[in-house]
>>> print(open('coords-v8.cif').read())   # mmCIF, C-alpha atoms
data_target
#
loop_
_atom_site.label_atom_id
_atom_site.label_comp_id
_atom_site.auth_asym_id
_atom_site.auth_seq_id
_atom_site.Cartn_x
_atom_site.Cartn_y
_atom_site.Cartn_z
CA LYS N 1449 -18.62 135.61 171.82
CA ALA N 1450 -18.76 135.74 168.02
CA GLY N 1451 -15.49 136.13 166.18
CA VAL N 1452 -14.59 138.45 163.35
CA THR N 1453 -17.11 137.97 160.55
CA GLN N 1454 -16.32 138.69 156.93
CA THR N 1455 -18.71 138.66 153.99
CA PRO N 1456 -18.85 137.48 151.35
CA ARG N 1457 -16.56 134.51 151.73
CA TYR N 1458 -16.05 133.96 148.03
CA LEU N 1459 -16.66 136.12 145.01
CA ILE N 1460 -15.70 136.37 141.38
CA LYS N 1461 -15.51 139.70 139.57
CA THR N 1462 -14.38 140.77 136.13
CA ARG N 1463 -11.66 143.26 135.37
CA GLY N 1464 -12.78 146.85 135.64
CA GLN N 1465 -15.55 146.14 138.11
CA GLN N 1466 -15.55 147.25 141.70
CA VAL N 1467 -16.05 145.21 144.86
CA THR N 1468 -17.07 145.90 148.45
CA LEU N 1469 -16.09 143.59 151.28
CA SER N 1470 -17.56 143.76 154.74
CA CYS N 1471 -16.14 143.04 158.17
CA SER N 1472 -17.90 142.87 161.53
CA PRO N 1473 -15.39 142.98 164.39
CA ILE N 1474 -15.67 141.19 167.69
CA SER N 1475 -18.19 142.92 169.94
CA GLY N 1476 -16.49 145.71 171.87
CA HIS N 1477 -13.58 146.00 169.45
CA ARG N 1478 -13.12 149.45 167.95
CA SER N 1479 -10.12 148.85 165.72
CA VAL N 1480 -10.39 147.11 162.38
CA SER N 1481 -7.56 146.53 159.96
CA TRP N 1482 -7.40 144.94 156.53
CA TYR N 1483 -4.74 142.78 154.90
CA GLN N 1484 -4.26 141.33 151.47
CA GLN N 1485 -2.77 137.86 151.15
CA THR N 1486 -1.35 136.59 147.86
CA PRO N 1487 1.07 133.75 147.13
CA GLY N 1488 3.61 136.15 145.67
CA GLN N 1489 3.48 139.04 148.14
CA GLY N 1490 2.40 137.30 151.32
CA LEU N 1491 0.38 139.24 153.88
CA GLN N 1492 0.37 142.96 153.31
CA PHE N 1493 -1.25 145.66 155.42
CA LEU N 1494 -3.89 147.74 153.67
CA PHE N 1495 -5.28 150.11 156.31
CA GLU N 1496 -6.58 150.43 159.84
CA TYR N 1497 -9.63 152.19 161.21
CA PHE N 1498 -10.31 153.20 164.78
CA SER N 1499 -13.48 154.97 165.85
CA GLU N 1500 -14.42 155.69 162.23
CA THR N 1501 -11.04 157.29 161.44
CA GLN N 1502 -8.32 155.85 159.26
CA ARG N 1503 -5.20 155.97 161.40
CA ASN N 1504 -2.76 153.92 159.36
CA LYS N 1505 -2.41 153.10 155.69
CA GLY N 1506 -0.28 150.66 153.76
CA ASN N 1507 1.33 150.99 150.37
CA PHE N 1508 -1.60 150.37 148.06
CA PRO N 1509 -2.97 152.49 145.21
CA GLY N 1510 -5.95 154.77 145.70
CA ARG N 1511 -8.23 152.15 144.13
CA PHE N 1512 -8.22 150.52 147.55
CA SER N 1513 -10.32 152.38 150.09
CA GLY N 1514 -12.19 151.68 153.26
CA ARG N 1515 -14.42 153.09 155.90
CA GLN N 1516 -15.70 152.31 159.33
CA PHE N 1517 -19.15 152.88 160.70
CA SER N 1518 -20.24 154.01 164.14
CA ASN N 1519 -20.93 150.40 165.16
CA SER N 1520 -17.27 149.58 164.26
CA ARG N 1521 -18.23 147.52 161.24
CA SER N 1522 -15.92 148.19 158.33
CA GLU N 1523 -16.02 147.92 154.59
CA MET N 1524 -13.26 147.97 152.05
CA ASN N 1525 -13.72 148.80 148.42
CA VAL N 1526 -11.57 148.08 145.42
CA SER N 1527 -12.44 149.95 142.24
CA THR N 1528 -11.37 149.21 138.66
CA LEU N 1529 -10.35 145.68 139.53
CA GLU N 1530 -7.20 144.20 138.03
CA LEU N 1531 -6.22 140.55 137.71
CA GLY N 1532 -3.53 141.12 140.33
CA ASP N 1533 -6.16 142.04 142.90
CA SER N 1534 -7.13 138.37 143.14
CA ALA N 1535 -6.33 137.51 146.73
CA LEU N 1536 -7.58 136.57 150.14
CA TYR N 1537 -8.62 139.73 151.98
CA LEU N 1538 -8.40 139.41 155.72
CA CYS N 1539 -9.93 141.63 158.35
CA ALA N 1540 -8.65 141.85 161.91
CA SER N 1541 -10.03 143.45 165.03
CA SER N 1542 -8.85 144.45 168.46
CA THR N 1543 -9.83 146.90 171.16
CA GLY N 1544 -7.28 149.15 169.51
CA GLN N 1545 -5.45 150.28 172.61
CA ALA N 1546 -2.36 148.13 173.00
CA SER N 1547 -0.34 148.44 176.16
CA VAL N 1548 1.32 146.16 178.67
CA LEU N 1549 -1.81 145.91 180.75
CA SER N 1550 -4.60 146.03 178.23
CA SER N 1551 -6.36 143.32 176.30
CA GLY N 1552 -5.73 145.36 173.18
CA ASN N 1553 -2.61 143.31 172.72
CA THR N 1554 -4.58 140.58 170.98
CA ILE N 1555 -5.52 140.92 167.33
CA TYR N 1556 -8.03 138.47 165.92
CA PHE N 1557 -8.61 137.69 162.27
CA GLY N 1558 -11.66 136.63 160.33
CA GLU N 1559 -11.83 133.78 157.83
CA GLY N 1560 -11.29 136.15 154.93
CA SER N 1561 -12.95 136.95 151.63
CA TRP N 1562 -11.59 135.15 148.62
CA LEU N 1563 -11.69 137.47 145.61
CA THR N 1564 -11.03 136.16 142.12
CA VAL N 1565 -10.76 138.66 139.28
CA VAL N 1566 -11.19 137.22 135.79
CA GLY K 1214 12.99 148.96 158.31
CA GLU K 1215 10.24 146.40 158.43
CA ASP K 1216 11.36 142.95 157.39
CA VAL K 1217 10.38 139.69 159.00
CA GLU K 1218 11.93 136.45 157.76
CA GLN K 1219 11.08 132.82 158.28
CA SER K 1220 12.26 129.58 156.75
CA LEU K 1221 9.72 128.31 154.25
CA PHE K 1222 9.31 124.70 155.26
CA LEU K 1223 9.69 122.39 158.22
CA SER K 1224 8.96 118.68 158.40
CA VAL K 1225 8.74 116.75 161.69
CA ARG K 1226 7.50 113.39 162.87
CA GLU K 1227 4.37 113.13 164.98
CA GLY K 1228 5.26 113.28 168.66
CA ASP K 1229 8.49 115.19 168.11
CA SER K 1230 8.97 118.87 168.95
CA SER K 1231 8.81 121.49 166.21
CA VAL K 1232 10.77 124.72 166.35
CA ILE K 1233 9.80 127.49 163.96
CA ASN K 1234 12.17 130.44 163.76
CA CYS K 1235 11.68 134.06 162.84
CA THR K 1236 14.00 137.04 162.56
CA TYR K 1237 12.93 140.64 162.47
CA THR K 1238 14.80 143.85 161.88
CA ASP K 1239 12.85 146.57 163.67
CA SER K 1240 13.92 146.83 167.30
CA SER K 1241 11.07 149.22 168.13
CA SER K 1242 8.44 146.49 167.82
CA THR K 1243 6.35 146.09 170.95
CA TYR K 1244 4.56 142.79 170.49
CA LEU K 1245 5.42 139.72 168.51
CA TYR K 1246 2.74 137.27 167.47
CA TRP K 1247 2.41 133.78 166.16
CA TYR K 1248 -0.51 132.92 163.92
CA LYS K 1249 -1.54 129.61 162.38
CA GLN K 1250 -3.24 129.32 159.00
CA GLU K 1251 -4.84 126.11 157.80
CA PRO K 1252 -5.72 125.62 154.12
CA GLY K 1253 -8.56 127.85 153.02
CA ALA K 1254 -8.87 129.49 156.42
CA GLY K 1255 -8.05 132.77 158.07
CA LEU K 1256 -5.38 133.41 160.68
CA GLN K 1257 -5.72 131.89 164.11
CA LEU K 1258 -3.90 133.70 166.91
CA LEU K 1259 -1.78 131.18 168.78
CA THR K 1260 0.15 133.32 171.21
CA TYR K 1261 2.02 136.59 171.56
CA ILE K 1262 4.88 137.97 173.60
CA PHE K 1263 5.66 141.45 174.79
CA SER K 1264 9.08 142.68 173.74
CA ASN K 1265 10.39 142.99 177.30
CA MET K 1266 9.84 139.29 177.94
CA ASP K 1267 12.16 136.55 176.86
CA MET K 1268 9.91 133.54 177.21
CA LYS K 1269 6.25 132.66 177.32
CA GLN K 1270 4.73 129.23 177.72
CA ASP K 1271 1.17 128.26 176.88
CA GLN K 1272 0.38 124.55 177.08
CA ARG K 1273 2.29 122.89 174.22
CA LEU K 1274 3.58 126.21 172.91
CA THR K 1275 6.76 127.94 174.05
CA VAL K 1276 7.82 131.28 172.62
CA LEU K 1277 11.41 132.42 173.01
CA LEU K 1278 12.50 135.96 172.25
CA ASN K 1279 16.10 137.07 171.88
CA LYS K 1280 15.77 140.79 171.50
CA LYS K 1281 19.50 141.37 171.08
CA ASP K 1282 19.58 139.12 168.03
CA LYS K 1283 16.02 140.02 166.97
CA HIS K 1284 15.15 136.35 166.93
CA LEU K 1285 11.82 134.80 167.82
CA SER K 1286 10.97 131.12 167.94
CA LEU K 1287 7.89 129.00 168.48
CA ARG K 1288 8.32 125.55 169.91
CA ILE K 1289 5.45 123.08 169.64
CA ALA K 1290 5.84 120.12 171.96
CA ASP K 1291 4.44 116.70 171.03
CA THR K 1292 3.56 117.82 167.52
CA GLN K 1293 0.35 116.34 166.15
CA THR K 1294 -0.93 115.92 162.59
CA GLY K 1295 -3.47 118.63 163.35
CA ASP K 1296 -0.58 121.05 163.78
CA SER K 1297 0.15 120.84 160.05
CA ALA K 1298 -0.39 124.37 158.76
CA ILE K 1299 1.45 127.54 157.85
CA TYR K 1300 2.79 129.52 160.80
CA PHE K 1301 3.33 133.25 160.61
CA CYS K 1302 5.25 135.42 162.99
CA ALA K 1303 4.34 139.09 163.07
CA GLU K 1304 5.62 142.22 164.76
CA ARG K 1305 3.61 145.16 165.98
CA PHE K 1306 4.88 148.68 166.40
CA PRO K 1307 4.45 151.21 169.17
CA GLY K 1308 1.64 153.71 169.27
CA GLY K 1309 -1.18 151.33 169.99
CA TYR K 1310 -1.89 150.90 166.32
CA GLN K 1311 -3.07 147.60 164.99
CA LYS K 1312 -0.70 147.41 162.02
CA VAL K 1313 1.49 144.33 162.09
CA THR K 1314 4.16 143.17 159.68
CA PHE K 1315 4.04 139.50 158.87
CA GLY K 1316 6.77 137.07 158.05
CA THR K 1317 6.72 134.95 154.94
CA GLY K 1318 5.25 131.98 156.77
CA THR K 1319 6.64 128.52 157.57
CA LYS K 1320 4.79 125.50 156.29
CA LEU K 1321 4.88 122.79 158.93
CA GLN K 1322 4.36 119.25 157.73
CA VAL K 1323 3.78 116.60 160.39
CA ILE K 1324 4.53 113.05 159.29
CA PRO K 1325 2.43 110.38 161.03
#
>>> encode(input="coords-v8.cif", output="structure tokens")
Amino acid sequence: KAGVTQTPRYLIKTRGQQVTLSCSPISGHRSVSWYQQTPGQGLQFLFEYFSETQRNKGNFPGRFSGRQFSNSRSEMNVSTLELGDSALYLCASSTGQASVLSSGNTIYFGEGSWLTVV
Amino acid sequence: GEDVEQSLFLSVREGDSSVINCTYTDSSSTYLYWYKQEPGAGLQLLTYIFSNMDMKQDQRLTVLLNKKDKHLSLRIADTQTGDSAIYFCAERFPGGYQKVTFGTGTKLQVIP
């Protein structure tokens, strides 16, 4: 079973540009969430999508947005890039229904997309 | 509030046991996770524990949860050089949502 796939793995953008990152969850997983990892701030939650609906959002400016498609694949977009947006962006997937008995307890991460803003 | 703390660094000798500690502040968390991150890689799920359990063992890994003190630990038996990585604990909140709050990460260095 393929894991969580993120593309591209590495990219360099200039300030003011916009970027779109893609995430394909594990087959059968309907929940996708995004995290930003930086040396200074650690791992911070961006947002979560379940069945094409955003159901949770972190504390990031409106320049950060996302969406989920009917096949559960997700994209996140960052507009008007700033130097501080340089980070590893991680996508995670699960079945989305956590409970004592369900397999939704497990959340799996992709390898991430390394974004450098110059 | 949401605040998960870990010590930044741990050094052990190969073959010894490693114990990585984590404290959290939100008692409503439902699941607590341990992830491993190697240089340049994503997060690898190691294990997780439900908040009504106090211990979980999985091969060389033992997770202990003290809910009263909001303290979580990960013990790695017979630590190997391949265990060198950063370890993150994370807590998940009720509602079935996938949002987790991560700790600061503990860098484990295994000395041959």
>>> residues_around(input="coords-v8.cif", residues="Gln1466 in chain N", least_positions_apart="4", cutoff="8 Å", atoms="only C-alpha atoms", output="ChimeraX atom specification")
/N:1461,1525-1529
>>> atom_distance(input="coords-v8.cif", atom1="CA of Met1524 in chain N", atom2="CA of Tyr1248 in chain K")
23.0 Å
>>> atom_distance(input="coords-v8.cif", atom1="CA of Arg1478 in chain N", atom2="CA of Tyr1261 in chain K")
20.2 Å
>>> residues_near_point(input="coords-v8.cif", point="(-17.4, 150.5, 160.8)", cutoff="12 Å", atoms="all atoms listed in the file", output="ChimeraX atom specification")
/N:1469-1475,1477-1481,1496-1502,1514-1524,1539,1541
>>> residues_around(input="coords-v8.cif", residues="Thr1275 in chain K", least_positions_apart="5", cutoff="10 Å", atoms="all atoms listed in the file", output="tab-separated table (two decimals) with C-alpha atoms, keeping the file's coordinate frame")
chain	number	residue	atom	x	y	z
K	1232	VAL	CA	10.77	124.72	166.35
K	1260	THR	CA	0.15	133.32	171.21
K	1268	MET	CA	9.91	133.54	177.21
K	1269	LYS	CA	6.25	132.66	177.32
K	1270	GLN	CA	4.73	129.23	177.72
K	1286	SER	CA	10.97	131.12	167.94
K	1287	LEU	CA	7.89	129.00	168.48
K	1288	ARG	CA	8.32	125.55	169.91
K	1289	ILE	CA	5.45	123.08	169.64
K	1290	ALA	CA	5.84	120.12	171.96
>>> resolve_selection(input="coords-v8.cif", expression="the PyMOL selection byres ((chain K) within 8 of (chain N))", output="JSON, numbers by chain")
{"K": [1244, 1254, 1255, 1256, 1257, 1258, 1261, 1263, 1308, 1309, 1310, 1311, 1312, 1313, 1314, 1315, 1316, 1317]}
>>> atom_distance(input="coords-v8.cif", atom1="CA of Asn1507 in chain N", atom2="CA of Leu1531 in chain N")
18.1 Å
>>> closest_residue(input="coords-v8.cif", among="K:Leu1278, K:Ile1233, K:Met1266, K:Leu1285", to="Tyr1300 in chain K", atoms="only C-alpha atoms")
K:Ile1233
>>> closest_residue(input="coords-v8.cif", among="N:Thr1468, N:Thr1455, N:Thr1462, N:Gln1484", to="Ser1513 in chain N", atoms="only C-alpha atoms")
N:Thr1468
>>> residues_around(input="coords-v8.cif", residues="Gly1318 in chain K", least_positions_apart="3", cutoff="10 Å", atoms="all atoms listed in the file", output="list in words")
Gly1490 and Leu1491 of chain N; Val1217, Glu1218, Gln1219, Ser1220, Leu1221, Phe1222, Ile1233, Asn1234, Cys1235, Trp1247, Tyr1248, Lys1249, Gln1250, Ala1298, Ile1299, Tyr1300, Phe1301, Cys1302, Ala1303, Phe1315 and Leu1321 of chain K
>>> residues_near_point(input="coords-v8.cif", point="(13.8, 136.9, 169.0)", cutoff="9 Å", atoms="only C-alpha atoms", output="PyMOL selection string")
chain K and resi 1234-1237+1245+1264+1267+1276-1286
>>> residues_around(input="coords-v8.cif", residues="Ser1297 in chain K", least_positions_apart="2", cutoff="9 Å", atoms="only C-alpha atoms", output="MDAnalysis selection string")
chainID K and resid 1251 1292:1295 1299 1320:1324
>>> write_last_selection(input="coords-v8.cif", atoms="C-alpha atoms", output="compact mmCIF listing (two decimals), keeping the file's coordinate frame")
# COMPACT_ATOMS: atom_id res chain seq x y z
CA GLU K 1251 -4.84 126.11 157.80
CA THR K 1292 3.56 117.82 167.52
CA GLN K 1293 0.35 116.34 166.15
CA THR K 1294 -0.93 115.92 162.59
CA GLY K 1295 -3.47 118.63 163.35
CA ILE K 1299 1.45 127.54 157.85
CA LYS K 1320 4.79 125.50 156.29
CA LEU K 1321 4.88 122.79 158.93
CA GLN K 1322 4.36 119.25 157.73
CA VAL K 1323 3.78 116.60 160.39
CA ILE K 1324 4.53 113.05 159.29
>>> closest_residue(input="coords-v8.cif", among="N:Phe1512, N:Gly1464, N:Ser1534, N:Thr1486", to="Val1565 in chain N", atoms="only C-alpha atoms")
N:Ser1534
>>> closest_residue(input="coords-v8.cif", among="N:Gly1451, N:Arg1457, N:Gly1532, N:Gly1510", to="Val1566 in chain N", atoms="all atoms listed in the file")
N:Gly1532
>>> decode(input="coords-v8.cif", residues="range 1221-1241 of chain K", atoms="N, CA, C and O atoms", output="mmCIF file, in the first residue's frame")
data_model
loop_
_atom_site.group_PDB
_atom_site.id
_atom_site.type_symbol
_atom_site.label_atom_id
_atom_site.label_comp_id
_atom_site.auth_asym_id
_atom_site.auth_seq_id
_atom_site.Cartn_x
_atom_site.Cartn_y
_atom_site.Cartn_z
ATOM 1 N N LEU K 1221 15.464 18.807 24.800
ATOM 2 C CA LEU K 1221 15.958 18.990 23.443
ATOM 3 C C LEU K 1221 16.914 17.897 22.981
ATOM 4 O O LEU K 1221 16.987 17.598 21.792
ATOM 5 N N PHE K 1222 17.648 17.313 23.909
ATOM 6 C CA PHE K 1222 18.736 16.443 23.495
ATOM 7 C C PHE K 1222 18.912 15.290 24.468
ATOM 8 O O PHE K 1222 18.750 15.451 25.676
ATOM 9 N N LEU K 1223 19.249 14.132 23.912
ATOM 10 C CA LEU K 1223 19.543 12.960 24.725
ATOM 11 C C LEU K 1223 20.656 12.175 24.036
ATOM 12 O O LEU K 1223 20.582 11.927 22.827
ATOM 13 N N SER K 1224 21.658 11.782 24.811
ATOM 14 C CA SER K 1224 22.755 11.000 24.264
ATOM 15 C C SER K 1224 22.853 9.689 25.040
ATOM 16 O O SER K 1224 22.860 9.698 26.277
ATOM 17 N N VAL K 1225 22.921 8.570 24.321
ATOM 18 C CA VAL K 1225 23.034 7.259 24.971
ATOM 19 C C VAL K 1225 24.062 6.419 24.212
ATOM 20 O O VAL K 1225 24.362 6.689 23.043
ATOM 21 N N ARG K 1226 24.531 5.387 24.879
ATOM 22 C CA ARG K 1226 25.462 4.467 24.243
ATOM 23 C C ARG K 1226 24.681 3.333 23.568
ATOM 24 O O ARG K 1226 23.631 2.902 24.057
ATOM 25 N N GLU K 1227 25.209 2.864 22.488
ATOM 26 C CA GLU K 1227 24.586 1.760 21.761
ATOM 27 C C GLU K 1227 24.409 0.581 22.709
ATOM 28 O O GLU K 1227 25.317 0.223 23.461
ATOM 29 N N GLY K 1228 23.209 -0.009 22.662
ATOM 30 C CA GLY K 1228 22.904 -1.141 23.522
ATOM 31 C C GLY K 1228 22.194 -0.761 24.815
ATOM 32 O O GLY K 1228 21.522 -1.602 25.423
ATOM 33 N N ASP K 1229 22.338 0.503 25.219
ATOM 34 C CA ASP K 1229 21.626 0.967 26.407
ATOM 35 C C ASP K 1229 20.169 1.250 26.060
ATOM 36 O O ASP K 1229 19.778 1.268 24.896
ATOM 37 N N SER K 1230 19.378 1.518 27.101
ATOM 38 C CA SER K 1230 17.988 1.963 26.879
ATOM 39 C C SER K 1230 17.947 3.485 26.816
ATOM 40 O O SER K 1230 18.702 4.167 27.505
ATOM 41 N N SER K 1231 17.041 3.983 25.996
ATOM 42 C CA SER K 1231 16.813 5.437 25.904
ATOM 43 C C SER K 1231 15.425 5.716 26.452
ATOM 44 O O SER K 1231 14.494 4.950 26.187
ATOM 45 N N VAL K 1232 15.299 6.794 27.196
ATOM 46 C CA VAL K 1232 13.979 7.215 27.659
ATOM 47 C C VAL K 1232 13.780 8.679 27.266
ATOM 48 O O VAL K 1232 14.525 9.554 27.706
ATOM 49 N N ILE K 1233 12.790 8.898 26.447
ATOM 50 C CA ILE K 1233 12.472 10.249 25.985
ATOM 51 C C ILE K 1233 11.172 10.676 26.660
ATOM 52 O O ILE K 1233 10.178 9.940 26.613
ATOM 53 N N ASN K 1234 11.205 11.827 27.276
ATOM 54 C CA ASN K 1234 10.057 12.300 28.063
ATOM 55 C C ASN K 1234 9.313 13.438 27.386
ATOM 56 O O ASN K 1234 9.883 14.206 26.602
ATOM 57 N N CYS K 1235 8.051 13.548 27.754
ATOM 58 C CA CYS K 1235 7.179 14.555 27.164
ATOM 59 C C CYS K 1235 6.134 14.943 28.202
ATOM 60 O O CYS K 1235 5.604 14.086 28.910
ATOM 61 N N THR K 1236 5.866 16.227 28.315
ATOM 62 C CA THR K 1236 4.766 16.664 29.177
ATOM 63 C C THR K 1236 3.788 17.481 28.353
ATOM 64 O O THR K 1236 4.191 18.212 27.453
ATOM 65 N N TYR K 1237 2.531 17.336 28.664
ATOM 66 C CA TYR K 1237 1.508 18.058 27.921
ATOM 67 C C TYR K 1237 0.566 18.700 28.926
ATOM 68 O O TYR K 1237 0.533 18.327 30.098
ATOM 69 N N THR K 1238 -0.182 19.673 28.474
ATOM 70 C CA THR K 1238 -1.004 20.426 29.417
ATOM 71 C C THR K 1238 -2.496 20.224 29.229
ATOM 72 O O THR K 1238 -3.270 20.542 30.113
ATOM 73 N N ASP K 1239 -2.910 19.675 28.072
ATOM 74 C CA ASP K 1239 -4.342 19.590 27.820
ATOM 75 C C ASP K 1239 -4.863 18.200 28.192
ATOM 76 O O ASP K 1239 -4.572 17.225 27.512
ATOM 77 N N SER K 1240 -5.629 18.126 29.255
ATOM 78 C CA SER K 1240 -6.094 16.827 29.748
ATOM 79 C C SER K 1240 -7.199 16.225 28.876
ATOM 80 O O SER K 1240 -7.582 15.082 29.070
ATOM 81 N N SER K 1241 -7.702 16.998 27.909
ATOM 82 C CA SER K 1241 -8.777 16.454 27.070
ATOM 83 C C SER K 1241 -8.245 15.670 25.879
ATOM 84 O O SER K 1241 -9.006 15.152 25.074
#
